[in-house]
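Below is one structure, written out as structure tokens; comments come after it.
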Amino acid sequence: MIHSKTRLKLSSNLVRRLSVMVVSAIAVSLGSCQTNAPITDSDSQAQSTTAAATGELQVVTTFLPITQFTKAVAGDRAEVNQLLPANVGPHDYQAKPEDAQRLAEADVLVQNGLEMEEFLEDLVENANNPDLQIIDSSEEITTIANEEVEGDSHKEEEDHAHDHDHDHEEGEDKAEEGHHHHGEYNPHVWLDPKRAIEQVENIRDGLIAADPEGEAEYTTNAAAYIEELQELDAEITSTLQPYAGKTFVAFHDFAPYFAQSYDLEAEFLVDIPEENPAPGDVKRVADAVEEANLKALLTEPQAGENTLAALAEDLNVKISTFDPLETGSPEALEPNYYITTMRQNVQSLVTAFGG
């Protein structure tokens, strides 16, 4: 849950914050003779630093599901802020210098892990914050190898699968050709509510380690949210049981954990950020639609709508939406958004199966 090399006592963080606050106060005092000056990015940063100096645990999360789960556990005990804008996903994110400063001032960083946030390694190094505690929410969760996902999705195209394996081994060639692989394992664990529960438990344990005095609050908050996730899982199980063994088609490879959890099969059209499917991919998806008698293809809010719309028209099926929760509106930062969106995703699946 928390890398041992980054453990600390909160008192050292408070000293660090107070030191920064003193420096900020001096800077403000020196500039107090200036009036009607516009508010700059550095002014905003100084204000956030001053707010951090209150002693409240400062937690930075990476993207939506990690923020949702962390807020559910933290409640009012800690200040939780997401590193990425809500409408930008980890696939597309380009880190900025100020992001390193945010990590320099944070107590805790919560990530999905499984190489989903490839931009983090350099950011953490540049932050130069030896006190930063890093919670890997996917630690010890049972994973699915990307090679297995690719093999399943290209089982009728041995040559094509061989090319993917070669790309996996040759990182530079892969990048040049536009193929994207997160790493050895598929990182989309949060889309299975059972594994989401494990992520919440990891976040709970990490926050307790960072803030032992908050153990009771973190434990209570986590238990309440886990109960909601358990109810969601039971509801999904009941709804999808009539479709056990059926195949659905999504735009990219976000669905293997969800499919495995509910006895379904998942096909995907392209690897993100590839937008243009190869002819072999189109044929494979067309065959899957015909074999499963699908009524709809599952596009996503983040990508693939135009591509799948054209394919759906050719195949005479509809388009439905499955949101992998990588981006959203500011409202998507709240814990309940996960529950609501997953319920909507299940209804989209039922539509795709013709229910």
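Chain lettering (A, B, ...) mirrors the order of the structure tokens, residue numbering begins at 1 for each chain separately, and ligand numbering begins at 1 in order of display.
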Exercise. Excluding region 231-241 of chain A and residues on its chain fewer than 3 positions from it, collect all residues at most 9 Å away from it, counting only C-alpha atoms, and give them as a ChimeraX atom specification.
Key: /A:192-194,226-228,244,261-264,339,342-343,346-347,349-350
Output file for the residues above (N, CA and C atoms, as a short mmCIF file (atom, residue, chain, number, x, y, z; two decimals), in the first residue's frame):
data_model
loop_
_atom_site.label_atom_id
_atom_site.label_comp_id
_atom_site.auth_asym_id
_atom_site.auth_seq_id
_atom_site.Cartn_x
_atom_site.Cartn_y
_atom_site.Cartn_z
N ASP A 192 -14.04 -3.30 -12.15
CA ASP A 192 -14.64 -4.45 -11.47
C ASP A 192 -14.91 -4.04 -10.03
N PRO A 193 -16.16 -3.90 -9.62
CA PRO A 193 -16.44 -3.48 -8.25
C PRO A 193 -15.78 -4.33 -7.18
N LYS A 194 -15.57 -5.62 -7.45
CA LYS A 194 -14.89 -6.47 -6.47
C LYS A 194 -13.46 -5.99 -6.25
N ILE A 226 -17.55 0.59 1.03
CA ILE A 226 -17.43 -0.82 0.63
C ILE A 226 -18.81 -1.49 0.62
N GLU A 227 -19.65 -1.15 1.58
CA GLU A 227 -21.01 -1.70 1.60
C GLU A 227 -21.77 -1.30 0.34
N GLU A 228 -21.59 -0.05 -0.10
CA GLU A 228 -22.23 0.39 -1.34
C GLU A 228 -21.69 -0.38 -2.54
N ALA A 244 -24.74 -14.59 -19.19
CA ALA A 244 -23.47 -15.25 -18.90
C ALA A 244 -22.91 -15.92 -20.16
N SER A 261 -15.29 -10.73 -14.11
CA SER A 261 -16.04 -10.74 -12.86
C SER A 261 -17.47 -11.19 -13.04
N TYR A 262 -18.04 -10.95 -14.24
CA TYR A 262 -19.46 -11.25 -14.46
C TYR A 262 -19.69 -12.29 -15.55
N ASP A 263 -18.67 -13.13 -15.76
CA ASP A 263 -18.79 -14.28 -16.65
C ASP A 263 -19.19 -13.87 -18.07
N LEU A 264 -18.52 -12.83 -18.57
CA LEU A 264 -18.74 -12.36 -19.93
C LEU A 264 -17.43 -12.42 -20.70
N ILE A 339 -20.65 4.88 -8.47
CA ILE A 339 -21.80 3.98 -8.31
C ILE A 339 -22.83 4.24 -9.41
N MET A 342 -21.51 3.22 -13.01
CA MET A 342 -21.44 1.77 -13.22
C MET A 342 -22.83 1.18 -13.44
N ARG A 343 -23.82 1.71 -12.76
CA ARG A 343 -25.20 1.24 -13.00
C ARG A 343 -25.63 1.57 -14.44
N VAL A 346 -24.04 -0.83 -16.89
CA VAL A 346 -24.70 -2.14 -16.94
C VAL A 346 -25.95 -2.08 -17.81
N GLN A 347 -26.70 -1.01 -17.72
CA GLN A 347 -27.87 -0.88 -18.58
C GLN A 347 -27.48 -0.79 -20.05
N LEU A 349 -24.93 -2.31 -21.31
CA LEU A 349 -24.61 -3.70 -21.69
C LEU A 349 -25.88 -4.48 -22.00
N VAL A 350 -26.87 -4.32 -21.16
CA VAL A 350 -28.14 -5.02 -21.39
C VAL A 350 -28.70 -4.64 -22.75
#
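Residues lying within 9 Å of Leu64 (chain A), counting only C-alpha atoms and ignoring same-chain neighbours fewer than 3 positions away, are Thr61, Thr67, Gln68, Phe69, Gln82, Leu84, Ala86, Gly89, Leu325, Glu326, Thr327, Gly328, Ala332, Leu333, Glu334 and Tyr338 of chain A.
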Next, write the just-selected residues to a file, as a CSV table (one decimal), in the first residue's frame, keeping C-alpha atoms as the atom set.
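Just written: out-v2.csv:
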chain,number,residue,atom,x,y,z
A,61,THR,CA,-4.8,11.7,-6.4
A,67,THR,CA,-10.1,10.4,-6.5
A,68,GLN,CA,-13.6,9.0,-6.0
A,69,PHE,CA,-12.3,6.1,-3.8
A,82,GLN,CA,-6.8,15.5,-8.1
A,84,LEU,CA,-5.2,15.8,-13.6
A,86,ALA,CA,-11.3,16.0,-14.6
A,89,GLY,CA,-7.4,11.1,-18.9
A,325,LEU,CA,-14.5,6.6,-15.8
A,326,GLU,CA,-11.2,8.0,-17.0
A,327,THR,CA,-12.6,11.5,-17.6
A,328,GLY,CA,-15.7,13.5,-16.7
A,332,ALA,CA,-17.3,13.2,-11.5
A,333,LEU,CA,-14.8,13.7,-8.7
A,334,GLU,CA,-17.4,12.7,-6.1
A,338,TYR,CA,-18.7,5.8,-9.6
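With only C-alpha atoms as the atoms that count, the minimum distance from Ala222 (chain A) to the choices A:Glu125, A:Glu313, A:Asp205, A:Asp281 is reached by A:Asp205.
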Quiz item: Leaving out region 292-298 of chain A and any residue of its chain fewer than 4 positions from it, which residues lie within 10 Å of it when counting only C-alpha atoms, given as number ranges by chain?
Solution: A: 245-252, 268, 285-288, 304-305, 308-309, 311-312, 315-323, 345, 348-355
Can I get the selected residues back with C-alpha atoms, as an mmCIF file, in the first residue's frame?
data_model
loop_
_atom_site.group_PDB
_atom_site.id
_atom_site.type_symbol
_atom_site.label_atom_id
_atom_site.label_comp_id
_atom_site.auth_asym_id
_atom_site.auth_seq_id
_atom_site.Cartn_x
_atom_site.Cartn_y
_atom_site.Cartn_z
ATOM 1 C CA GLY A 245 -20.967 -16.345 -21.528
ATOM 2 C CA LYS A 246 -21.958 -13.683 -24.047
ATOM 3 C CA THR A 247 -19.479 -11.369 -25.782
ATOM 4 C CA PHE A 248 -19.671 -7.594 -25.944
ATOM 5 C CA VAL A 249 -17.571 -5.211 -28.031
ATOM 6 C CA ALA A 250 -16.033 -1.999 -26.684
ATOM 7 C CA PHE A 251 -13.776 0.556 -28.309
ATOM 8 C CA HIS A 252 -10.577 -0.143 -26.385
ATOM 9 C CA PHE A 268 -12.100 -4.426 -28.244
ATOM 10 C CA VAL A 285 -15.297 -7.264 -34.421
ATOM 11 C CA ALA A 286 -17.829 -7.893 -37.195
ATOM 12 C CA ASP A 287 -17.490 -11.634 -36.624
ATOM 13 C CA ALA A 288 -17.948 -11.149 -32.872
ATOM 14 C CA GLY A 304 -14.098 6.111 -30.464
ATOM 15 C CA GLU A 305 -17.576 7.491 -31.015
ATOM 16 C CA LEU A 308 -17.732 2.858 -33.819
ATOM 17 C CA ALA A 309 -20.659 4.844 -35.241
ATOM 18 C CA LEU A 311 -18.884 0.484 -37.975
ATOM 19 C CA ALA A 312 -22.263 0.148 -36.267
ATOM 20 C CA LEU A 315 -23.173 -3.829 -39.165
ATOM 21 C CA ASN A 316 -26.730 -2.546 -38.726
ATOM 22 C CA VAL A 317 -26.461 -2.330 -34.950
ATOM 23 C CA LYS A 318 -26.877 0.549 -32.501
ATOM 24 C CA ILE A 319 -24.381 2.494 -30.419
ATOM 25 C CA SER A 320 -24.527 2.425 -26.641
ATOM 26 C CA THR A 321 -22.156 3.984 -24.115
ATOM 27 C CA PHE A 322 -19.921 2.362 -21.528
ATOM 28 C CA ASP A 323 -17.987 4.929 -19.508
ATOM 29 C CA ASN A 345 -22.859 1.038 -17.836
ATOM 30 C CA SER A 348 -25.844 -0.109 -21.704
ATOM 31 C CA LEU A 349 -24.612 -3.698 -21.693
ATOM 32 C CA VAL A 350 -28.137 -5.019 -21.389
ATOM 33 C CA THR A 351 -29.043 -2.891 -24.416
ATOM 34 C CA ALA A 352 -26.086 -4.285 -26.325
ATOM 35 C CA PHE A 353 -27.231 -7.819 -25.585
ATOM 36 C CA GLY A 354 -30.737 -6.987 -26.782
ATOM 37 C CA GLY A 355 -32.345 -7.058 -23.355
#
DSSP on the backbone, strand (DSSP E or B) only: what residues of region 198-330 of chain A does that give? Format it as an mmCIF file with N, CA and C atoms, in the first residue's frame.
data_model
loop_
_atom_site.group_PDB
_atom_site.id
_atom_site.type_symbol
_atom_site.label_atom_id
_atom_site.label_comp_id
_atom_site.auth_asym_id
_atom_site.auth_seq_id
_atom_site.Cartn_x
_atom_site.Cartn_y
_atom_site.Cartn_z
ATOM 1 N N THR A 247 -20.576 -12.284 -25.444
ATOM 2 C CA THR A 247 -19.479 -11.369 -25.782
ATOM 3 C C THR A 247 -20.031 -9.991 -26.080
ATOM 4 N N PHE A 248 -19.331 -8.963 -25.562
ATOM 5 C CA PHE A 248 -19.671 -7.594 -25.944
ATOM 6 C C PHE A 248 -18.432 -6.932 -26.540
ATOM 7 N N VAL A 249 -18.662 -5.886 -27.328
ATOM 8 C CA VAL A 249 -17.571 -5.211 -28.031
ATOM 9 C C VAL A 249 -17.483 -3.764 -27.571
ATOM 10 N N ALA A 250 -16.298 -3.375 -27.094
ATOM 11 C CA ALA A 250 -16.033 -1.999 -26.684
ATOM 12 C C ALA A 250 -14.976 -1.397 -27.606
ATOM 13 N N GLU A 265 -17.503 -12.192 -21.990
ATOM 14 C CA GLU A 265 -16.313 -12.073 -22.823
ATOM 15 C C GLU A 265 -16.289 -10.670 -23.414
ATOM 16 N N ALA A 266 -15.103 -10.078 -23.493
ATOM 17 C CA ALA A 266 -14.973 -8.721 -24.015
ATOM 18 C C ALA A 266 -14.039 -8.682 -25.213
ATOM 19 N N GLU A 267 -14.500 -8.080 -26.291
ATOM 20 C CA GLU A 267 -13.661 -7.791 -27.445
ATOM 21 C C GLU A 267 -13.433 -6.288 -27.491
ATOM 22 N N PHE A 268 -12.321 -5.856 -28.063
ATOM 23 C CA PHE A 268 -12.100 -4.426 -28.244
ATOM 24 C C PHE A 268 -11.578 -4.179 -29.650
ATOM 25 N N ALA A 296 -25.808 -3.778 -30.138
ATOM 26 C CA ALA A 296 -25.149 -2.478 -30.027
ATOM 27 C C ALA A 296 -23.663 -2.661 -29.759
ATOM 28 N N LEU A 297 -22.870 -1.695 -30.225
ATOM 29 C CA LEU A 297 -21.456 -1.597 -29.884
ATOM 30 C C LEU A 297 -21.310 -0.561 -28.769
ATOM 31 N N LEU A 298 -20.334 -0.775 -27.902
ATOM 32 C CA LEU A 298 -20.172 0.104 -26.746
ATOM 33 C C LEU A 298 -19.068 1.129 -27.010
ATOM 34 N N THR A 299 -19.498 2.342 -27.314
ATOM 35 C CA THR A 299 -18.544 3.432 -27.411
ATOM 36 C C THR A 299 -18.305 3.984 -26.020
ATOM 37 N N GLU A 300 -17.439 4.979 -25.903
ATOM 38 C CA GLU A 300 -17.149 5.586 -24.606
ATOM 39 C C GLU A 300 -17.075 7.092 -24.763
ATOM 40 N N ALA A 303 -13.504 8.456 -26.249
ATOM 41 C CA ALA A 303 -12.898 8.146 -27.548
ATOM 42 C C ALA A 303 -13.770 7.177 -28.319
ATOM 43 N N LYS A 318 -26.819 -0.772 -33.133
ATOM 44 C CA LYS A 318 -26.877 0.549 -32.501
ATOM 45 C C LYS A 318 -25.571 0.846 -31.751
ATOM 46 N N ILE A 319 -25.490 2.074 -31.271
ATOM 47 C CA ILE A 319 -24.381 2.494 -30.419
ATOM 48 C C ILE A 319 -24.915 2.726 -29.014
ATOM 49 N N SER A 320 -24.221 2.160 -28.038
ATOM 50 C CA SER A 320 -24.527 2.425 -26.641
ATOM 51 C C SER A 320 -23.236 2.900 -25.972
ATOM 52 N N THR A 321 -23.320 3.374 -24.757
ATOM 53 C CA THR A 321 -22.156 3.984 -24.115
ATOM 54 C C THR A 321 -21.771 3.241 -22.843
#
Quiz item: If you count only C-alpha atoms, which residues fall within 12 Å of Glu217 (chain A), apart from same-chain ones fewer than 2 positions away, as a PyMOL selection string?
Solution: chain A and resi 72-78+204-205+207-208+211-215+219-224
Quiz item: Pick from A:Glu118, A:Glu184, A:Thr70, A:Tyr337: nearest to His91 (chain A), with only C-alpha atoms counted?
Solution: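 The closest residue to His91 (chain A) is A:Glu118.
Straight-line separation from CA of Ala100 (chain A) to CA of Leu132 (chain A): 11.7 Å.
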